[in-house]
Amino acid sequence: MKRTLFGLAILLVSCNSSQPTVSENSTETKALDPVPYANTITEQDLKTHLYTYASDEFEGRETGTPGQKKAIAYLKAAYEELGIPAAKKDGDYFQKVPLAVSKVPEGSITIEGKTYTIGTDFVSMAKAIYNSDEIVYAGYGIQTENYSDYNGLDVTGKLVLVKSGEPKNSEGNYIISGNQETSTWSNMSESIGLRSKAAFDNGAVGLLYYDPVNYPRFKQYYTYMKTNNSGKMELKAAVKENFLVLLNDDMVKAILPNIGTIDQTQTIKKSIALDVKSTDDTIDSENVVAILKGRTKPNEYVVLSSHLDHIGVSADGQINNGADDDGSGSVALLELAQAFKKAKDEGHGPERSIVFLHVTGEEKGLLGSKYYTDFDPIFPLNQTVVDLNIDMIGRIDPKREGNRNYIYLIGSDKLSTELHELSENINEKYMQIELDYTYNDENDPNRFYYRSDHYNFAKNNIPIIFYFNGTHEDYHKPGDTPDKINYDLLRNRTQLVFYTAWEIANKPNRLVVDKAE
């Protein structure tokens with residue numbers, strides 16, 4: 001699972017309405033006992049897979065490394081052995097995901113003759129070469145259907161300055177929400193992406209962003225990347241010439257001293273020269289995608305997803321095996337594939353197609369799933385019924401009290417009431433696992449809903465469920481090894497996903513999306 005990092009914060013948000021919002025009333029699923037197929041998912045099979053997949057031989061499966069190549073070869077071989085074909089028409093199990101890696105930039109910005117240093121006075125994760133005698137101040141930098149700081153403002157080819165926060169009306173309510181609650185424009189996970197999109201959609205060449213509350217976190221991330229000689233990885237297809245710079249207090253005072261009390265947009269006549277340089281490398285990575293075609297509705301797709309990558313080898317040479325994150329999800333998908341294939345071989349294949357999607361680059365910013373949804377969906381998104389995403393289901397959250405036979409569910413009710421109710425009913429019927437919705441809370445500070453691959457489906461109004469055991473002391477550390485996995489829980493949780501997918505794949509009507517955004 002991905003940490004909340006600056007790289008994720010600048011992902012641009014798009015909410016396409018690709019799902020139908022009406023449907024005929026559902027009828028009961030065709031009566032066929034799925035228990036024998038669920039029972040093919042065993043502790044021993046999961047353990048056998050994971051002791052290989054999360055072994056030192058795979059070197060932590062970091063995106064683009066030899067270890068990640070070994071991981072995709074293992075997955076491909078598993079599907080070939082099961083007799084489950086590749087999803088692509090050319091028979092290739094690998095969906096190429098071209099990536100660009102920008103080295104941590106270095107340089108400075110000069111304002112009215114005074115020079116400011118990257119990593120201290122400002123933070124940027126991309127090159128920024130630009131000179132101007134003016135900066136356009138766009139207030140909060142917000143643009144919605146009913147409110148826009150860009151109304152009447154020409155920012156084409158210009159450098160724009162915006163601040164965090166949201167405007168209020170004369171009654172003290174936030175204008176965007178219409179009440180005392182802030183909107184997504186104040187959510188750290190989304191605010192930068194939304195403001196960047198607004199600025200660049202209006203033609204700005206670059207964005208200067210002032211967020212005094214979160215600046216220390218951005219600075220800490222830059223320092224971490226610099227210390228570890230890391231770089232920012234992103235989809236090559238998504239690389240743009242636009243740049244984003246985050247300012248500290250001293251820099252913003254040099255531009256607009258009273259920015260905190262000024263909401264009115266204006267043009268600031270001050271000289272500014274950005275000299276921030278970075279070098280880019282190109283690497284190749286791959287998603288692994290297989291499919292079992294449905295019997296009667298082959299053009300409707302149930303996606304089962306997990307991420308195949310992890311964080312690789314630490315600077316001190318220790319291997320981060322990623323047994324739970326997300327080796328557990330990767331091997332769960334293989335067992336799910338085996339169960340569905342056995343059903344098909346016995347003449348009981350699913351009515352809808354099942355897509356087994358192992359994505360790369362999750363730890364780098366949900367890149368593999370973003371490439372699938374935003375650039376190269378192998379199957380149309382408007383024919384994708386659901387994404388059931390598995391990311392860390394083999395351990396126990398030490399902070400949690402109560403039954404060990406639990407799973408955190410996130411997102412089941414966000415887009416489809418029917419999906420949430422179906423999930424609850426299926427669990428009660430077959431598994432009786434304690435379903436914990438702690439992290440489904442909109443106000444949860446961890447923001448897990450935005451931190452795994454299901455989100456790229458959800459932003460396209462495709463219903464999702466994210467299955468998650470929570471974090472633990474070995475999260476993103478060398479101690480996340482196969483011997484610490486609770487294989488009975490891994491089996492139970494995988495079987496729950498199977499029963500849920502079985503029900504969705506075989507129900508007469510596709511899920512109703514009644515909460516499309």
# chains A, B, ... in the order shown; residues from 1 in each chain; ligands from 1
call {"tool": "residues_around", "arguments": {"residues": "Tyr79 of chain A", "least_positions_apart": "3", "cutoff": "12 Å", "atoms": "only C-alpha atoms", "output": "JSON list (two decimals) with all heavy atoms, in the first residue's frame"}}
result
[["chain", "number", "residue", "atom", "x", "y", "z"],
["A", 72, "ILE", "N", 6.57, -10.41, -12.27],
["A", 72, "ILE", "CA", 5.60, -10.53, -13.37],
["A", 72, "ILE", "C", 5.76, -11.86, -14.11],
["A", 72, "ILE", "O", 4.78, -12.42, -14.60],
["A", 72, "ILE", "CB", 5.68, -9.34, -14.34],
["A", 72, "ILE", "CG1", 7.04, -9.26, -15.04],
["A", 72, "ILE", "CG2", 5.38, -8.03, -13.61],
["A", 72, "ILE", "CD1", 7.09, -8.23, -16.15],
["A", 73, "ALA", "N", 6.99, -12.36, -14.17],
["A", 73, "ALA", "CA", 7.21, -13.66, -14.80],
["A", 73, "ALA", "C", 6.54, -14.77, -13.99],
["A", 73, "ALA", "O", 5.96, -15.71, -14.55],
["A", 73, "ALA", "CB", 8.71, -13.94, -14.93],
["A", 74, "TYR", "N", 6.59, -14.64, -12.66],
["A", 74, "TYR", "CA", 5.94, -15.62, -11.79],
["A", 74, "TYR", "C", 4.43, -15.60, -12.00],
["A", 74, "TYR", "O", 3.78, -16.66, -12.11],
["A", 74, "TYR", "CB", 6.27, -15.31, -10.33],
["A", 74, "TYR", "CG", 5.73, -16.32, -9.35],
["A", 74, "TYR", "CD1", 6.47, -17.44, -8.99],
["A", 74, "TYR", "CD2", 4.47, -16.16, -8.77],
["A", 74, "TYR", "CE1", 5.98, -18.38, -8.09],
["A", 74, "TYR", "CE2", 3.97, -17.08, -7.87],
["A", 74, "TYR", "CZ", 4.73, -18.20, -7.54],
["A", 74, "TYR", "OH", 4.22, -19.12, -6.65],
["A", 75, "LEU", "N", 3.86, -14.42, -12.06],
["A", 75, "LEU", "CA", 2.41, -14.30, -12.24],
["A", 75, "LEU", "C", 1.98, -14.84, -13.59],
["A", 75, "LEU", "O", 0.99, -15.57, -13.69],
["A", 75, "LEU", "CB", 1.99, -12.84, -12.08],
["A", 75, "LEU", "CG", 2.22, -12.21, -10.70],
["A", 75, "LEU", "CD1", 1.97, -10.71, -10.75],
["A", 75, "LEU", "CD2", 1.36, -12.88, -9.64],
["A", 76, "LYS", "N", 2.72, -14.49, -14.62],
["A", 76, "LYS", "CA", 2.40, -15.00, -15.96],
["A", 76, "LYS", "C", 2.42, -16.52, -15.97],
["A", 76, "LYS", "O", 1.50, -17.17, -16.51],
["A", 76, "LYS", "CB", 3.40, -14.46, -16.97],
["A", 76, "LYS", "CG", 3.24, -15.03, -18.37],
["A", 76, "LYS", "CD", 4.34, -14.56, -19.31],
["A", 76, "LYS", "CE", 4.23, -15.22, -20.66],
["A", 76, "LYS", "NZ", 5.32, -14.81, -21.59],
["A", 82, "LEU", "N", -2.62, -22.38, -14.98],
["A", 82, "LEU", "CA", -4.05, -22.52, -14.71],
["A", 82, "LEU", "C", -4.86, -22.60, -16.01],
["A", 82, "LEU", "O", -6.03, -23.01, -15.98],
["A", 82, "LEU", "CB", -4.54, -21.31, -13.89],
["A", 82, "LEU", "CG", -4.13, -21.26, -12.42],
["A", 82, "LEU", "CD1", -4.47, -19.90, -11.83],
["A", 82, "LEU", "CD2", -4.80, -22.37, -11.62],
["A", 83, "GLY", "N", -4.27, -22.22, -17.10],
["A", 83, "GLY", "CA", -5.00, -22.22, -18.37],
["A", 83, "GLY", "C", -5.93, -21.04, -18.52],
["A", 83, "GLY", "O", -6.93, -21.10, -19.23],
["A", 84, "ILE", "N", -5.58, -19.94, -17.85],
["A", 84, "ILE", "CA", -6.37, -18.71, -17.95],
["A", 84, "ILE", "C", -5.67, -17.78, -18.92],
["A", 84, "ILE", "O", -4.50, -17.42, -18.71],
["A", 84, "ILE", "CB", -6.54, -18.05, -16.57],
["A", 84, "ILE", "CG1", -7.29, -18.99, -15.63],
["A", 84, "ILE", "CG2", -7.27, -16.71, -16.69],
["A", 84, "ILE", "CD1", -7.41, -18.47, -14.21],
["A", 85, "PRO", "N", -6.32, -17.35, -19.98],
["A", 85, "PRO", "CA", -5.63, -16.58, -21.02],
["A", 85, "PRO", "C", -5.34, -15.14, -20.62],
["A", 85, "PRO", "O", -5.92, -14.59, -19.68],
["A", 85, "PRO", "CB", -6.62, -16.64, -22.19],
["A", 85, "PRO", "CG", -7.96, -16.81, -21.54],
["A", 85, "PRO", "CD", -7.71, -17.66, -20.32],
["A", 86, "ALA", "N", -4.45, -14.54, -21.39],
["A", 86, "ALA", "CA", -4.14, -13.12, -21.23],
["A", 86, "ALA", "C", -5.34, -12.27, -21.62],
["A", 86, "ALA", "O", -6.17, -12.67, -22.44],
["A", 86, "ALA", "CB", -2.93, -12.74, -22.09],
["A", 87, "ALA", "N", -5.43, -11.09, -21.03],
["A", 87, "ALA", "CA", -6.55, -10.19, -21.33],
["A", 87, "ALA", "C", -6.39, -9.50, -22.67],
["A", 87, "ALA", "O", -7.38, -9.24, -23.36],
["A", 87, "ALA", "CB", -6.69, -9.15, -20.22],
["A", 92, "ASP", "N", -0.60, -11.33, -25.01],
["A", 92, "ASP", "CA", 0.45, -10.93, -24.08],
["A", 92, "ASP", "C", -0.17, -10.63, -22.72],
["A", 92, "ASP", "O", -1.08, -9.82, -22.61],
["A", 92, "ASP", "CB", 1.15, -9.68, -24.64],
["A", 92, "ASP", "CG", 2.43, -9.33, -23.88],
["A", 92, "ASP", "OD1", 2.69, -9.94, -22.82],
["A", 92, "ASP", "OD2", 3.15, -8.43, -24.33],
["A", 93, "TYR", "N", 0.35, -11.30, -21.69],
["A", 93, "TYR", "CA", -0.15, -11.05, -20.33],
["A", 93, "TYR", "C", 0.31, -9.68, -19.81],
["A", 93, "TYR", "O", -0.25, -9.17, -18.83],
["A", 93, "TYR", "CB", 0.36, -12.12, -19.37],
["A", 93, "TYR", "CG", -0.32, -13.46, -19.51],
["A", 93, "TYR", "CD1", 0.20, -14.44, -20.35],
["A", 93, "TYR", "CD2", -1.48, -13.76, -18.80],
["A", 93, "TYR", "CE1", -0.42, -15.68, -20.50],
["A", 93, "TYR", "CE2", -2.11, -14.99, -18.92],
["A", 93, "TYR", "CZ", -1.57, -15.95, -19.78],
["A", 93, "TYR", "OH", -2.20, -17.17, -19.91],
["A", 94, "PHE", "N", 1.32, -9.10, -20.42],
["A", 94, "PHE", "CA", 1.90, -7.87, -19.91],
["A", 94, "PHE", "C", 1.33, -6.65, -20.63],
["A", 94, "PHE", "O", 1.37, -6.55, -21.86],
["A", 94, "PHE", "CB", 3.42, -7.87, -20.10],
["A", 94, "PHE", "CG", 4.12, -9.00, -19.39],
["A", 94, "PHE", "CD1", 5.33, -9.49, -19.87],
["A", 94, "PHE", "CD2", 3.59, -9.58, -18.25],
["A", 94, "PHE", "CE1", 5.99, -10.53, -19.22],
["A", 94, "PHE", "CE2", 4.23, -10.63, -17.59],
["A", 94, "PHE", "CZ", 5.44, -11.10, -18.09],
["A", 288, "VAL", "N", 0.12, -7.01, -15.12],
["A", 288, "VAL", "CA", -0.17, -8.37, -15.58],
["A", 288, "VAL", "C", -1.68, -8.54, -15.55],
["A", 288, "VAL", "O", -2.31, -8.32, -14.50],
["A", 288, "VAL", "CB", 0.50, -9.43, -14.69],
["A", 288, "VAL", "CG1", 0.18, -10.83, -15.18],
["A", 288, "VAL", "CG2", 2.01, -9.21, -14.65],
["A", 289, "VAL", "N", -2.27, -8.90, -16.69],
["A", 289, "VAL", "CA", -3.73, -8.94, -16.80],
["A", 289, "VAL", "C", -4.18, -10.23, -17.48],
["A", 289, "VAL", "O", -3.75, -10.54, -18.59],
["A", 289, "VAL", "CB", -4.28, -7.73, -17.58],
["A", 289, "VAL", "CG1", -5.78, -7.57, -17.31],
["A", 289, "VAL", "CG2", -3.53, -6.45, -17.25],
["A", 290, "ALA", "N", -5.06, -10.97, -16.80],
["A", 290, "ALA", "CA", -5.63, -12.20, -17.34],
["A", 290, "ALA", "C", -7.15, -12.11, -17.25],
["A", 290, "ALA", "O", -7.69, -11.28, -16.51],
["A", 290, "ALA", "CB", -5.11, -13.42, -16.59],
["A", 291, "ILE", "N", -7.84, -12.99, -17.98],
["A", 291, "ILE", "CA", -9.30, -12.91, -18.00],
["A", 291, "ILE", "C", -9.93, -14.29, -18.17],
["A", 291, "ILE", "O", -9.42, -15.15, -18.87],
["A", 291, "ILE", "CB", -9.79, -11.99, -19.15],
["A", 291, "ILE", "CG1", -11.31, -11.78, -19.07],
["A", 291, "ILE", "CG2", -9.37, -12.53, -20.51],
["A", 291, "ILE", "CD1", -11.84, -10.72, -20.01],
["A", 292, "LEU", "N", -11.04, -14.47, -17.46],
["A", 292, "LEU", "CA", -11.95, -15.59, -17.70],
["A", 292, "LEU", "C", -13.22, -15.00, -18.31],
["A", 292, "LEU", "O", -13.91, -14.20, -17.66],
["A", 292, "LEU", "CB", -12.30, -16.33, -16.41],
["A", 292, "LEU", "CG", -11.35, -17.43, -15.95],
["A", 292, "LEU", "CD1", -11.84, -18.02, -14.63],
["A", 292, "LEU", "CD2", -11.23, -18.52, -17.00],
["A", 331, "VAL", "N", -1.02, -13.09, -4.20],
["A", 331, "VAL", "CA", -1.27, -14.53, -4.17],
["A", 331, "VAL", "C", -2.75, -14.83, -3.98],
["A", 331, "VAL", "O", -3.25, -15.87, -4.44],
["A", 331, "VAL", "CB", -0.41, -15.22, -3.09],
["A", 331, "VAL", "CG1", 1.07, -14.97, -3.35],
["A", 331, "VAL", "CG2", -0.80, -14.82, -1.68],
["A", 333, "LEU", "N", -5.11, -13.20, -5.49],
["A", 333, "LEU", "CA", -5.65, -13.18, -6.84],
["A", 333, "LEU", "C", -5.39, -14.49, -7.57],
["A", 333, "LEU", "O", -6.26, -14.98, -8.31],
["A", 333, "LEU", "CB", -5.03, -12.03, -7.64],
["A", 333, "LEU", "CG", -6.00, -10.87, -7.96],
["A", 333, "LEU", "CD1", -6.49, -10.22, -6.69],
["A", 333, "LEU", "CD2", -5.34, -9.83, -8.86],
["A", 334, "LEU", "N", -4.24, -15.09, -7.35],
["A", 334, "LEU", "CA", -3.94, -16.37, -8.00],
["A", 334, "LEU", "C", -4.88, -17.46, -7.50],
["A", 334, "LEU", "O", -5.35, -18.31, -8.28],
["A", 334, "LEU", "CB", -2.49, -16.77, -7.75],
["A", 334, "LEU", "CG", -1.43, -15.84, -8.35],
["A", 334, "LEU", "CD1", -0.03, -16.36, -8.03],
["A", 334, "LEU", "CD2", -1.61, -15.69, -9.85],
["A", 335, "GLU", "N", -5.19, -17.46, -6.22],
["A", 335, "GLU", "CA", -6.12, -18.44, -5.67],
["A", 335, "GLU", "C", -7.56, -18.17, -6.14],
["A", 335, "GLU", "O", -8.32, -19.11, -6.39],
["A", 335, "GLU", "CB", -6.06, -18.45, -4.14],
["A", 335, "GLU", "CG", -4.84, -19.14, -3.58],
["A", 335, "GLU", "CD", -4.88, -20.65, -3.85],
["A", 335, "GLU", "OE1", -5.55, -21.38, -3.09],
["A", 335, "GLU", "OE2", -4.25, -21.08, -4.84],
["A", 336, "LEU", "N", -7.92, -16.92, -6.25],
["A", 336, "LEU", "CA", -9.24, -16.58, -6.79],
["A", 336, "LEU", "C", -9.36, -17.05, -8.24],
["A", 336, "LEU", "O", -10.40, -17.58, -8.65],
["A", 336, "LEU", "CB", -9.46, -15.07, -6.71],
["A", 336, "LEU", "CG", -9.66, -14.49, -5.31],
["A", 336, "LEU", "CD1", -9.48, -12.98, -5.32],
["A", 336, "LEU", "CD2", -11.03, -14.86, -4.76],
["A", 337, "ALA", "N", -8.30, -16.86, -8.99],
["A", 337, "ALA", "CA", -8.30, -17.32, -10.38],
["A", 337, "ALA", "C", -8.47, -18.83, -10.46],
["A", 337, "ALA", "O", -9.23, -19.34, -11.29],
["A", 337, "ALA", "CB", -6.99, -16.89, -11.05],
["A", 338, "GLN", "N", -7.78, -19.54, -9.58],
["A", 338, "GLN", "CA", -7.89, -21.00, -9.56],
["A", 338, "GLN", "C", -9.32, -21.44, -9.26],
["A", 338, "GLN", "O", -9.85, -22.37, -9.89],
["A", 338, "GLN", "CB", -6.95, -21.57, -8.51],
["A", 338, "GLN", "CG", -7.07, -23.07, -8.30],
["A", 338, "GLN", "CD", -6.15, -23.55, -7.20],
["A", 338, "GLN", "OE1", -5.00, -23.87, -7.43],
["A", 338, "GLN", "NE2", -6.67, -23.59, -5.97],
["A", 341, "LYS", "N", -11.58, -20.71, -12.22],
["A", 341, "LYS", "CA", -11.26, -21.59, -13.33],
["A", 341, "LYS", "C", -11.82, -22.99, -13.11],
["A", 341, "LYS", "O", -12.32, -23.64, -14.04],
["A", 341, "LYS", "CB", -9.74, -21.67, -13.52],
["A", 341, "LYS", "CG", -9.30, -22.53, -14.71],
["A", 341, "LYS", "CD", -9.85, -22.01, -16.03],
["A", 341, "LYS", "CE", -9.13, -22.56, -17.24],
["A", 341, "LYS", "NZ", -9.17, -24.01, -17.36],
["A", 355, "VAL", "N", -11.79, -10.23, -14.59],
["A", 355, "VAL", "CA", -10.48, -9.71, -14.98],
["A", 355, "VAL", "C", -9.57, -9.75, -13.76],
["A", 355, "VAL", "O", -9.90, -9.20, -12.70],
["A", 355, "VAL", "CB", -10.59, -8.26, -15.50],
["A", 355, "VAL", "CG1", -9.20, -7.73, -15.87],
["A", 355, "VAL", "CG2", -11.53, -8.20, -16.70],
["A", 356, "PHE", "N", -8.43, -10.41, -13.90],
["A", 356, "PHE", "CA", -7.44, -10.49, -12.83],
["A", 356, "PHE", "C", -6.34, -9.48, -13.16],
["A", 356, "PHE", "O", -5.55, -9.67, -14.07],
["A", 356, "PHE", "CB", -6.89, -11.90, -12.73],
["A", 356, "PHE", "CG", -7.96, -12.93, -12.53],
["A", 356, "PHE", "CD1", -8.48, -13.64, -13.61],
["A", 356, "PHE", "CD2", -8.50, -13.17, -11.27],
["A", 356, "PHE", "CE1", -9.48, -14.57, -13.44],
["A", 356, "PHE", "CE2", -9.51, -14.10, -11.09],
["A", 356, "PHE", "CZ", -10.01, -14.81, -12.18],
["A", 357, "LEU", "N", -6.32, -8.38, -12.40],
["A", 357, "LEU", "CA", -5.48, -7.23, -12.72],
["A", 357, "LEU", "C", -4.42, -7.04, -11.63],
["A", 357, "LEU", "O", -4.72, -6.60, -10.53],
["A", 357, "LEU", "CB", -6.34, -5.98, -12.86],
["A", 357, "LEU", "CG", -5.62, -4.65, -13.08],
["A", 357, "LEU", "CD1", -4.83, -4.67, -14.38],
["A", 357, "LEU", "CD2", -6.63, -3.50, -13.09],
["A", 358, "HIS", "N", -3.18, -7.36, -11.97],
["A", 358, "HIS", "CA", -2.03, -7.11, -11.08],
["A", 358, "HIS", "C", -1.34, -5.85, -11.58],
["A", 358, "HIS", "O", -0.76, -5.86, -12.67],
["A", 358, "HIS", "CB", -1.05, -8.28, -11.13],
["A", 358, "HIS", "CG", -1.62, -9.60, -10.71],
["A", 358, "HIS", "ND1", -1.42, -10.14, -9.45],
["A", 358, "HIS", "CD2", -2.38, -10.50, -11.39],
["A", 358, "HIS", "CE1", -2.02, -11.32, -9.38],
["A", 358, "HIS", "NE2", -2.61, -11.55, -10.55]]
call {"tool": "select_by_dssp", "arguments": {"residues": "segment 200-407 of chain A", "states": "alpha helix (DSSP H)", "output": "ChimeraX atom specification"}}
result
/A:200-201,215-227,249-255,328-345,367-370
call {"tool": "closest_residue", "arguments": {"among": "A:Gly294, A:Pro377, A:Gly411, A:Pro34", "to": "Ser353 of chain A", "atoms": "only C-alpha atoms"}}
result
A:Gly294
call {"tool": "closest_residue", "arguments": {"among": "A:Leu490, A:Leu304, A:Val104, A:Leu381", "to": "Val359 of chain A", "atoms": "only C-alpha atoms"}}
result
A:Leu304
call {"tool": "select_by_dssp", "arguments": {"residues": "segment 232-315 of chain A", "states": "strand (DSSP E)", "output": "ChimeraX atom specification"}}
result
/A:232-235,243-247,266-268,272-277,280-292,297-307
call {"tool": "write_last_selection", "arguments": {"atoms": "C-alpha atoms", "output": "short mmCIF file (atom, residue, chain, number, x, y, z; two decimals), in the first residue's frame"}}
result
data_model
loop_
_atom_site.label_atom_id
_atom_site.label_comp_id
_atom_site.auth_asym_id
_atom_site.auth_seq_id
_atom_site.Cartn_x
_atom_site.Cartn_y
_atom_site.Cartn_z
CA LYS A 232 9.71 11.16 -8.67
CA MET A 233 8.22 8.46 -10.87
CA GLU A 234 5.21 9.16 -13.02
CA LEU A 235 3.52 7.90 -16.13
CA PHE A 243 5.37 22.94 -12.84
CA LEU A 244 4.25 23.21 -9.23
CA VAL A 245 6.24 24.99 -6.51
CA LEU A 246 5.33 25.03 -2.83
CA LEU A 247 6.42 28.14 -0.92
CA GLN A 266 -4.67 40.69 -8.84
CA THR A 267 -1.53 40.96 -10.92
CA ILE A 268 1.65 41.43 -8.89
CA ILE A 272 10.86 36.32 -10.64
CA ALA A 273 13.34 33.86 -12.15
CA LEU A 274 12.96 30.12 -11.61
CA ASP A 275 16.08 28.05 -12.23
CA VAL A 276 15.16 24.55 -11.04
CA LYS A 277 16.70 21.72 -13.03
CA ASP A 280 14.67 12.43 -16.49
CA ASP A 281 15.17 8.71 -17.05
CA THR A 282 12.72 6.41 -18.83
CA ILE A 283 11.96 2.92 -17.56
CA ASP A 284 9.51 0.23 -18.54
CA SER A 285 7.21 -1.61 -16.21
CA GLU A 286 4.22 -3.86 -16.68
CA ASN A 287 0.77 -4.69 -15.39
CA VAL A 288 -0.17 -8.37 -15.58
CA VAL A 289 -3.73 -8.94 -16.80
CA ALA A 290 -5.63 -12.20 -17.34
CA ILE A 291 -9.30 -12.91 -18.00
CA LEU A 292 -11.95 -15.59 -17.70
CA LYS A 297 -22.46 -11.37 -20.33
CA PRO A 298 -18.87 -11.53 -21.57
CA ASN A 299 -18.78 -7.79 -22.22
CA GLU A 300 -19.44 -6.88 -18.60
CA TYR A 301 -16.35 -7.05 -16.41
CA VAL A 302 -15.71 -7.77 -12.73
CA VAL A 303 -12.18 -6.59 -11.95
CA LEU A 304 -10.18 -8.19 -9.13
CA SER A 305 -7.06 -6.15 -8.44
CA SER A 306 -3.92 -6.05 -6.34
CA HIS A 307 -0.54 -4.41 -6.77
#
call {"tool": "residues_around", "arguments": {"residues": "Gly479 of chain A", "least_positions_apart": "5", "cutoff": "8 Å", "atoms": "only C-alpha atoms", "output": "list in words"}}
result
Asn320, Asn321 and Asp474 of chain A
